[in-house]
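Participant: Attaching a single structure in structure tokens format; questions to follow.
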Amino acid sequence: MSDFIAPDGHPRCLWCGGAAEFLPYHDNEWGFPVANDQRLFEKLCLESFQSGLSWRTILNKRENFRAAFHHFDFQKVAQFGEDDVQQLLQNAGIIRHRGKIEAVINNALRAQEMVEQEGSLAAFFWRFEPDADSLPPPQTQVTSPESIALSKALKKRGWKFFGPTTAFAFMQAMGLINDHSLTCITRVQVAQARQQFKRPI
């Protein structure tokens, strides 16, 4: 796989060349391991909103989403009712899709249940981290056995808008796998972060 050569002269994952805003997201967020429940919930919701759209669209609206959904504090989002849905459907700063908005509220309720049952969202999601030695070359798949299993587990618990492809993108972004290209300079930084990362239990 060829790389994108960034303005600093160093290679990055090819997709970084797609838009200027991708580079800081790639260098500072994508693939670095996350154990914070609120950040995990945010990413899960944004990946759901992305379904059928480009990540660039979502990334450019991310601050609007954060403002609209109380920075994805699922304890607060779980209290949203029909009036809140109607307000969100009038919010031009986000994706105005009733099904996806209602899915976020539903998933906030499911997140509350998960914290009660598992202790944290992080403890649940990180159980699906694959064996790094078993992974195929970076960015050669859009689903995996683990993402399929995660999607099924969430569906069984009543979560919505989170299929295997969405689950895999979530796992890539939240650092459950290091899917940076082999020559990308950020791959080494992510590998070090994953090595130092304390897996939630």
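Each chain in the structure tokens gets a letter, A, B, ..., in the order shown, and its residues are numbered from 1; ligands are numbered from 1 in order too.
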If we count only C-alpha atoms, what is near A:Trp15 at a cut-off of 12 Å, once residues fewer than 2 positions away on the same chain are taken out, given as a ChimeraX atom specification?
Facilitator: /A:1-6,11-13,17-23,25-26,30,55-56,139,180-181,184
Participant: Please, could you write that set of residues out with C-alpha atoms as a PDB file, in the first residue's frame?
Facilitator:
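Saved to part_22.pdb:
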ATOM      1  CA  MET A   1       0.000   0.000   0.000  1.00  0.00           C
ATOM      2  CA  SER A   2       1.421   3.396  -0.935  1.00  0.00           C
ATOM      3  CA  ASP A   3       1.490   6.133   1.676  1.00  0.00           C
ATOM      4  CA  PHE A   4       0.509   9.747   1.907  1.00  0.00           C
ATOM      5  CA  ILE A   5       3.580  11.928   2.425  1.00  0.00           C
ATOM      6  CA  ALA A   6       2.549  14.623   4.884  1.00  0.00           C
ATOM      7  CA  PRO A  11       4.690   8.919   5.470  1.00  0.00           C
ATOM      8  CA  ARG A  12       1.215   8.444   6.886  1.00  0.00           C
ATOM      9  CA  CYS A  13      -1.704   6.140   6.101  1.00  0.00           C
ATOM     10  CA  GLY A  17      -4.475  12.654   1.962  1.00  0.00           C
ATOM     11  CA  GLY A  18      -8.244  12.760   1.539  1.00  0.00           C
ATOM     12  CA  ALA A  19      -8.789  16.025   3.438  1.00  0.00           C
ATOM     13  CA  ALA A  20      -6.730  18.483   5.469  1.00  0.00           C
ATOM     14  CA  GLU A  21      -8.657  17.731   8.665  1.00  0.00           C
ATOM     15  CA  PHE A  22      -7.768  14.033   8.483  1.00  0.00           C
ATOM     16  CA  LEU A  23      -4.088  14.535   9.366  1.00  0.00           C
ATOM     17  CA  TYR A  25      -7.209  13.329  13.619  1.00  0.00           C
ATOM     18  CA  HIS A  26      -4.919  10.568  12.334  1.00  0.00           C
ATOM     19  CA  TRP A  30      -6.923   7.343  15.380  1.00  0.00           C
ATOM     20  CA  TRP A  55     -16.132  10.306   8.012  1.00  0.00           C
ATOM     21  CA  ARG A  56     -15.147  13.797   6.818  1.00  0.00           C
ATOM     22  CA  GLN A 139      -6.301  -1.792   6.273  1.00  0.00           C
ATOM     23  CA  HIS A 180      -1.890   2.046  10.758  1.00  0.00           C
ATOM     24  CA  SER A 181       0.024   1.128   7.615  1.00  0.00           C
ATOM     25  CA  CYS A 184       3.187   5.149   8.737  1.00  0.00           C
TER      26      CYS A 184
END
Participant: So that I can see what lies close to stretch 149-166 of chain A, please list as a PDB file with N, CA, C and O atoms, in the first residue's frame the residues with an atom at most 12 Å from it, counting only C-alpha atoms and leaving out residues fewer than 6 positions away in the same chain.
Facilitator:
ATOM      1  N   PHE A  41     -18.301   5.965  24.063  1.00  0.00           N
ATOM      2  CA  PHE A  41     -19.702   6.147  23.684  1.00  0.00           C
ATOM      3  C   PHE A  41     -19.820   7.169  22.556  1.00  0.00           C
ATOM      4  O   PHE A  41     -20.589   6.969  21.608  1.00  0.00           O
ATOM      5  N   LYS A  43     -17.638   7.861  20.224  1.00  0.00           N
ATOM      6  CA  LYS A  43     -17.183   7.274  18.962  1.00  0.00           C
ATOM      7  C   LYS A  43     -18.214   6.289  18.425  1.00  0.00           C
ATOM      8  O   LYS A  43     -18.488   6.252  17.221  1.00  0.00           O
ATOM      9  N   LEU A  44     -18.798   5.521  19.311  1.00  0.00           N
ATOM     10  CA  LEU A  44     -19.825   4.574  18.894  1.00  0.00           C
ATOM     11  C   LEU A  44     -20.993   5.305  18.229  1.00  0.00           C
ATOM     12  O   LEU A  44     -21.473   4.895  17.168  1.00  0.00           O
ATOM     13  N   CYS A  45     -21.400   6.410  18.830  1.00  0.00           N
ATOM     14  CA  CYS A  45     -22.508   7.196  18.272  1.00  0.00           C
ATOM     15  C   CYS A  45     -22.134   7.830  16.942  1.00  0.00           C
ATOM     16  O   CYS A  45     -22.916   7.812  15.982  1.00  0.00           O
ATOM     17  N   LEU A  46     -20.936   8.402  16.874  1.00  0.00           N
ATOM     18  CA  LEU A  46     -20.516   9.059  15.633  1.00  0.00           C
ATOM     19  C   LEU A  46     -20.344   8.059  14.507  1.00  0.00           C
ATOM     20  O   LEU A  46     -20.650   8.354  13.340  1.00  0.00           O
ATOM     21  N   GLU A  47     -19.848   6.878  14.826  1.00  0.00           N
ATOM     22  CA  GLU A  47     -19.745   5.834  13.800  1.00  0.00           C
ATOM     23  C   GLU A  47     -21.132   5.443  13.299  1.00  0.00           C
ATOM     24  O   GLU A  47     -21.319   5.178  12.108  1.00  0.00           O
ATOM     25  N   SER A  48     -22.104   5.426  14.193  1.00  0.00           N
ATOM     26  CA  SER A  48     -23.476   5.115  13.790  1.00  0.00           C
ATOM     27  C   SER A  48     -24.024   6.203  12.872  1.00  0.00           C
ATOM     28  O   SER A  48     -24.676   5.918  11.865  1.00  0.00           O
ATOM     29  N   PHE A  49     -23.758   7.461  13.221  1.00  0.00           N
ATOM     30  CA  PHE A  49     -24.204   8.565  12.361  1.00  0.00           C
ATOM     31  C   PHE A  49     -23.514   8.518  11.007  1.00  0.00           C
ATOM     32  O   PHE A  49     -24.081   8.946  10.002  1.00  0.00           O
ATOM     33  N   GLN A  50     -22.289   8.007  10.965  1.00  0.00           N
ATOM     34  CA  GLN A  50     -21.551   7.989   9.710  1.00  0.00           C
ATOM     35  C   GLN A  50     -22.131   6.999   8.707  1.00  0.00           C
ATOM     36  O   GLN A  50     -21.917   7.137   7.502  1.00  0.00           O
ATOM     37  N   SER A  51     -22.845   6.010   9.186  1.00  0.00           N
ATOM     38  CA  SER A  51     -23.373   4.960   8.309  1.00  0.00           C
ATOM     39  C   SER A  51     -23.983   5.557   7.040  1.00  0.00           C
ATOM     40  O   SER A  51     -24.928   6.341   7.098  1.00  0.00           O
ATOM     41  N   GLY A  52     -23.401   5.224   5.888  1.00  0.00           N
ATOM     42  CA  GLY A  52     -23.877   5.730   4.607  1.00  0.00           C
ATOM     43  C   GLY A  52     -23.300   7.080   4.226  1.00  0.00           C
ATOM     44  O   GLY A  52     -23.602   7.611   3.147  1.00  0.00           O
ATOM     45  N   LEU A  53     -22.463   7.663   5.084  1.00  0.00           N
ATOM     46  CA  LEU A  53     -21.862   8.967   4.834  1.00  0.00           C
ATOM     47  C   LEU A  53     -20.339   8.865   4.944  1.00  0.00           C
ATOM     48  O   LEU A  53     -19.804   7.808   5.257  1.00  0.00           O
ATOM     49  N   TRP A  55     -16.625   9.924   6.691  1.00  0.00           N
ATOM     50  CA  TRP A  55     -16.132  10.306   8.012  1.00  0.00           C
ATOM     51  C   TRP A  55     -15.818  11.808   8.033  1.00  0.00           C
ATOM     52  O   TRP A  55     -15.957  12.464   9.062  1.00  0.00           O
ATOM     53  N   GLY A  99     -33.959   8.093  12.904  1.00  0.00           N
ATOM     54  CA  GLY A  99     -33.551   6.755  13.329  1.00  0.00           C
ATOM     55  C   GLY A  99     -32.223   6.749  14.058  1.00  0.00           C
ATOM     56  O   GLY A  99     -32.060   6.063  15.074  1.00  0.00           O
ATOM     57  N   LYS A 100     -31.282   7.533  13.548  1.00  0.00           N
ATOM     58  CA  LYS A 100     -29.953   7.570  14.176  1.00  0.00           C
ATOM     59  C   LYS A 100     -29.989   8.343  15.493  1.00  0.00           C
ATOM     60  O   LYS A 100     -29.304   7.971  16.453  1.00  0.00           O
ATOM     61  N   ILE A 101     -30.769   9.415  15.543  1.00  0.00           N
ATOM     62  CA  ILE A 101     -30.913  10.178  16.788  1.00  0.00           C
ATOM     63  C   ILE A 101     -31.551   9.305  17.868  1.00  0.00           C
ATOM     64  O   ILE A 101     -31.073   9.250  19.009  1.00  0.00           O
ATOM     65  N   GLU A 102     -32.616   8.605  17.506  1.00  0.00           N
ATOM     66  CA  GLU A 102     -33.283   7.732  18.477  1.00  0.00           C
ATOM     67  C   GLU A 102     -32.377   6.578  18.892  1.00  0.00           C
ATOM     68  O   GLU A 102     -32.443   6.109  20.036  1.00  0.00           O
ATOM     69  N   ALA A 103     -31.506   6.135  17.974  1.00  0.00           N
ATOM     70  CA  ALA A 103     -30.561   5.069  18.302  1.00  0.00           C
ATOM     71  C   ALA A 103     -29.569   5.535  19.364  1.00  0.00           C
ATOM     72  O   ALA A 103     -29.210   4.773  20.270  1.00  0.00           O
ATOM     73  N   VAL A 104     -29.131   6.789  19.280  1.00  0.00           N
ATOM     74  CA  VAL A 104     -28.206   7.325  20.286  1.00  0.00           C
ATOM     75  C   VAL A 104     -28.864   7.320  21.665  1.00  0.00           C
ATOM     76  O   VAL A 104     -28.235   6.934  22.665  1.00  0.00           O
ATOM     77  N   ILE A 105     -30.128   7.727  21.725  1.00  0.00           N
ATOM     78  CA  ILE A 105     -30.843   7.752  23.006  1.00  0.00           C
ATOM     79  C   ILE A 105     -31.022   6.330  23.531  1.00  0.00           C
ATOM     80  O   ILE A 105     -30.784   6.043  24.713  1.00  0.00           O
ATOM     81  N   ASN A 106     -31.432   5.433  22.657  1.00  0.00           N
ATOM     82  CA  ASN A 106     -31.559   4.027  23.032  1.00  0.00           C
ATOM     83  C   ASN A 106     -30.228   3.481  23.544  1.00  0.00           C
ATOM     84  O   ASN A 106     -30.161   2.806  24.576  1.00  0.00           O
ATOM     85  N   ASN A 107     -29.152   3.785  22.815  1.00  0.00           N
ATOM     86  CA  ASN A 107     -27.848   3.241  23.180  1.00  0.00           C
ATOM     87  C   ASN A 107     -27.330   3.848  24.486  1.00  0.00           C
ATOM     88  O   ASN A 107     -26.571   3.196  25.211  1.00  0.00           O
ATOM     89  N   ALA A 108     -27.745   5.072  24.790  1.00  0.00           N
ATOM     90  CA  ALA A 108     -27.384   5.660  26.083  1.00  0.00           C
ATOM     91  C   ALA A 108     -28.016   4.870  27.229  1.00  0.00           C
ATOM     92  O   ALA A 108     -27.382   4.621  28.259  1.00  0.00           O
ATOM     93  N   LEU A 109     -29.250   4.459  27.034  1.00  0.00           N
ATOM     94  CA  LEU A 109     -29.924   3.614  28.036  1.00  0.00           C
ATOM     95  C   LEU A 109     -29.226   2.268  28.164  1.00  0.00           C
ATOM     96  O   LEU A 109     -29.026   1.752  29.265  1.00  0.00           O
ATOM     97  N   ARG A 110     -28.840   1.701  27.018  1.00  0.00           N
ATOM     98  CA  ARG A 110     -28.124   0.424  27.027  1.00  0.00           C
ATOM     99  C   ARG A 110     -26.743   0.574  27.677  1.00  0.00           C
ATOM    100  O   ARG A 110     -26.253  -0.341  28.344  1.00  0.00           O
ATOM    101  N   ALA A 111     -26.125   1.744  27.489  1.00  0.00           N
ATOM    102  CA  ALA A 111     -24.818   2.012  28.101  1.00  0.00           C
ATOM    103  C   ALA A 111     -24.941   2.039  29.621  1.00  0.00           C
ATOM    104  O   ALA A 111     -24.078   1.505  30.337  1.00  0.00           O
ATOM    105  N   GLN A 112     -26.013   2.650  30.108  1.00  0.00           N
ATOM    106  CA  GLN A 112     -26.247   2.655  31.554  1.00  0.00           C
ATOM    107  C   GLN A 112     -26.361   1.229  32.089  1.00  0.00           C
ATOM    108  O   GLN A 112     -25.774   0.894  33.122  1.00  0.00           O
ATOM    109  N   GLU A 113     -27.101   0.401  31.368  1.00  0.00           N
ATOM    110  CA  GLU A 113     -27.254  -1.001  31.777  1.00  0.00           C
ATOM    111  C   GLU A 113     -25.907  -1.717  31.768  1.00  0.00           C
ATOM    112  O   GLU A 113     -25.600  -2.502  32.669  1.00  0.00           O
ATOM    113  N   MET A 114     -25.113  -1.434  30.737  1.00  0.00           N
ATOM    114  CA  MET A 114     -23.820  -2.105  30.618  1.00  0.00           C
ATOM    115  C   MET A 114     -22.886  -1.745  31.773  1.00  0.00           C
ATOM    116  O   MET A 114     -22.176  -2.604  32.303  1.00  0.00           O
ATOM    117  N   GLN A 117     -23.891  -3.710  34.717  1.00  0.00           N
ATOM    118  CA  GLN A 117     -23.612  -5.143  34.606  1.00  0.00           C
ATOM    119  C   GLN A 117     -22.115  -5.461  34.522  1.00  0.00           C
ATOM    120  O   GLN A 117     -21.657  -6.475  35.060  1.00  0.00           O
ATOM    121  N   LEU A 121     -18.099   0.578  30.228  1.00  0.00           N
ATOM    122  CA  LEU A 121     -18.145   0.240  28.804  1.00  0.00           C
ATOM    123  C   LEU A 121     -16.796  -0.304  28.368  1.00  0.00           C
ATOM    124  O   LEU A 121     -16.710  -1.256  27.586  1.00  0.00           O
ATOM    125  N   PHE A 124     -16.135  -3.950  28.869  1.00  0.00           N
ATOM    126  CA  PHE A 124     -16.840  -4.787  27.896  1.00  0.00           C
ATOM    127  C   PHE A 124     -16.163  -4.746  26.533  1.00  0.00           C
ATOM    128  O   PHE A 124     -15.836  -5.788  25.955  1.00  0.00           O
ATOM    129  N   PHE A 125     -15.920  -3.551  26.000  1.00  0.00           N
ATOM    130  CA  PHE A 125     -15.392  -3.439  24.637  1.00  0.00           C
ATOM    131  C   PHE A 125     -13.997  -4.049  24.495  1.00  0.00           C
ATOM    132  O   PHE A 125     -13.699  -4.677  23.476  1.00  0.00           O
ATOM    133  N   TRP A 126     -13.175  -3.874  25.501  1.00  0.00           N
ATOM    134  CA  TRP A 126     -11.804  -4.367  25.373  1.00  0.00           C
ATOM    135  C   TRP A 126     -11.707  -5.890  25.446  1.00  0.00           C
ATOM    136  O   TRP A 126     -10.663  -6.462  25.133  1.00  0.00           O
ATOM    137  N   ARG A 127     -12.779  -6.546  25.806  1.00  0.00           N
ATOM    138  CA  ARG A 127     -12.794  -8.020  25.733  1.00  0.00           C
ATOM    139  C   ARG A 127     -12.719  -8.503  24.285  1.00  0.00           C
ATOM    140  O   ARG A 127     -12.402  -9.662  24.033  1.00  0.00           O
ATOM    141  N   PHE A 128     -13.030  -7.618  23.354  1.00  0.00           N
ATOM    142  CA  PHE A 128     -13.058  -7.991  21.935  1.00  0.00           C
ATOM    143  C   PHE A 128     -11.753  -7.629  21.214  1.00  0.00           C
ATOM    144  O   PHE A 128     -11.677  -7.736  19.998  1.00  0.00           O
ATOM    145  N   GLU A 129     -10.746  -7.245  21.979  1.00  0.00           N
ATOM    146  CA  GLU A 129      -9.439  -6.960  21.375  1.00  0.00           C
ATOM    147  C   GLU A 129      -8.867  -8.252  20.794  1.00  0.00           C
ATOM    148  O   GLU A 129      -8.720  -9.250  21.502  1.00  0.00           O
ATOM    149  N   PRO A 130      -8.533  -8.272  19.504  1.00  0.00           N
ATOM    150  CA  PRO A 130      -7.990  -9.494  18.908  1.00  0.00           C
ATOM    151  C   PRO A 130      -6.528  -9.715  19.269  1.00  0.00           C
ATOM    152  O   PRO A 130      -5.839  -8.782  19.702  1.00  0.00           O
ATOM    153  N   GLN A 141      -9.069  -5.126   5.537  1.00  0.00           N
ATOM    154  CA  GLN A 141     -10.391  -5.678   5.812  1.00  0.00           C
ATOM    155  C   GLN A 141     -11.292  -4.593   6.374  1.00  0.00           C
ATOM    156  O   GLN A 141     -10.809  -3.580   6.885  1.00  0.00           O
ATOM    157  N   VAL A 142     -12.590  -4.794   6.257  1.00  0.00           N
ATOM    158  CA  VAL A 142     -13.562  -3.839   6.802  1.00  0.00           C
ATOM    159  C   VAL A 142     -14.418  -4.463   7.897  1.00  0.00           C
ATOM    160  O   VAL A 142     -15.195  -3.767   8.547  1.00  0.00           O
ATOM    161  N   THR A 143     -14.277  -5.761   8.084  1.00  0.00           N
ATOM    162  CA  THR A 143     -14.863  -6.446   9.238  1.00  0.00           C
ATOM    163  C   THR A 143     -13.839  -7.464   9.720  1.00  0.00           C
ATOM    164  O   THR A 143     -12.837  -7.708   9.047  1.00  0.00           O
ATOM    165  N   GLN A 172     -10.803   0.058  15.145  1.00  0.00           N
ATOM    166  CA  GLN A 172      -9.628   0.714  14.560  1.00  0.00           C
ATOM    167  C   GLN A 172      -9.355   2.044  15.259  1.00  0.00           C
ATOM    168  O   GLN A 172      -8.225   2.354  15.634  1.00  0.00           O
ATOM    169  N   ALA A 173     -10.402   2.850  15.398  1.00  0.00           N
ATOM    170  CA  ALA A 173     -10.249   4.215  15.913  1.00  0.00           C
ATOM    171  C   ALA A 173      -9.909   4.240  17.393  1.00  0.00           C
ATOM    172  O   ALA A 173      -9.134   5.088  17.852  1.00  0.00           O
ATOM    173  N   LEU A 176      -8.262  -0.745  19.651  1.00  0.00           N
ATOM    174  CA  LEU A 176      -8.312  -2.175  19.948  1.00  0.00           C
ATOM    175  C   LEU A 176      -7.428  -2.969  18.991  1.00  0.00           C
ATOM    176  O   LEU A 176      -7.045  -4.096  19.283  1.00  0.00           O
TER     177      LEU A 176
END
Participant: Write out, as JSON lines, each residue of stretch 74-94 of chain A that has an atom at most 8 Å from stretch 59-69 of chain A, together with the closest pair of atoms and their distance in Å to one decimal, counting only C-alpha atoms, rows going by chain and rising number.
Facilitator:
{"residue": "A:Val77", "atom": "CA", "partner": "A:Phe69", "partner_atom": "CA", "distance": 6.4}
{"residue": "A:Leu88", "atom": "CA", "partner": "A:Ala68", "partner_atom": "CA", "distance": 7.2}
{"residue": "A:Gly93", "atom": "CA", "partner": "A:Asn64", "partner_atom": "CA", "distance": 5.5}
{"residue": "A:Ile94", "atom": "CA", "partner": "A:Phe65", "partner_atom": "CA", "distance": 5.8}
Participant: Taking the DSSP assignment computed from this structure's backbone, write out as a PyMOL selection string all residues of stretch 41-167 of chain A that belong to helix (DSSP H, G or I).
Facilitator: chain A and resi 41-50+55-60+62-68+70-72+74-77+82-89+98-118+121-128+132-134+145-156+164-167
Participant: Could you state the separation of atom CA of A:Phe197 and atom CA of A:His10 in Å, given to one decimal place?
Facilitator: 25.5 Å
Participant: Counting only C-alpha atoms, which of A:Lys76, A:Ala167, A:Gly81, A:Phe32 gets nearest to A:Pro145?
Facilitator: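 Closest residue, counting only C-alpha atoms: A:Ala167.
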Participant: Could you state the separation of atom CA of A:Ile201 and atom CA of A:Gln75 in Å, given to one decimal place?
Facilitator: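 Going from atom CA of A:Ile201 over to atom CA of A:Gln75, I get 21.2 Å.
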Participant: Select, from A:Gln189, A:Arg98, A:Asp73, A:Pro136, the residue with the minimum atom-to-atom distance to A:Val85, counting only C-alpha atoms.
Facilitator: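 Smallest separation from A:Val85 among the options: A:Arg98.
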Participant: Measuring atom to atom with only C-alpha atoms, identify which of A:Leu14, A:Ala78, A:Ile148, A:Ala123 is nearest to A:Ala169.
Facilitator: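 Looking at the shortest contact to A:Ala169, the residue is A:Ile148.
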Participant: Could you tell me how far atom CA of A:Glu146 sits from atom CA of A:Asp37, in Å to one decimal place?
Facilitator: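 For atom CA of A:Asp37 relative to atom CA of A:Glu146, the distance reads 19.7 Å.
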Participant: Could you pull out the residues in chain A that DSSP calls strand (DSSP E) from the backbone, as a list in words?
Facilitator: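 Output for chain A, strand (DSSP E) only: Phe4, Ile5, Pro11 and Arg12 of chain A.
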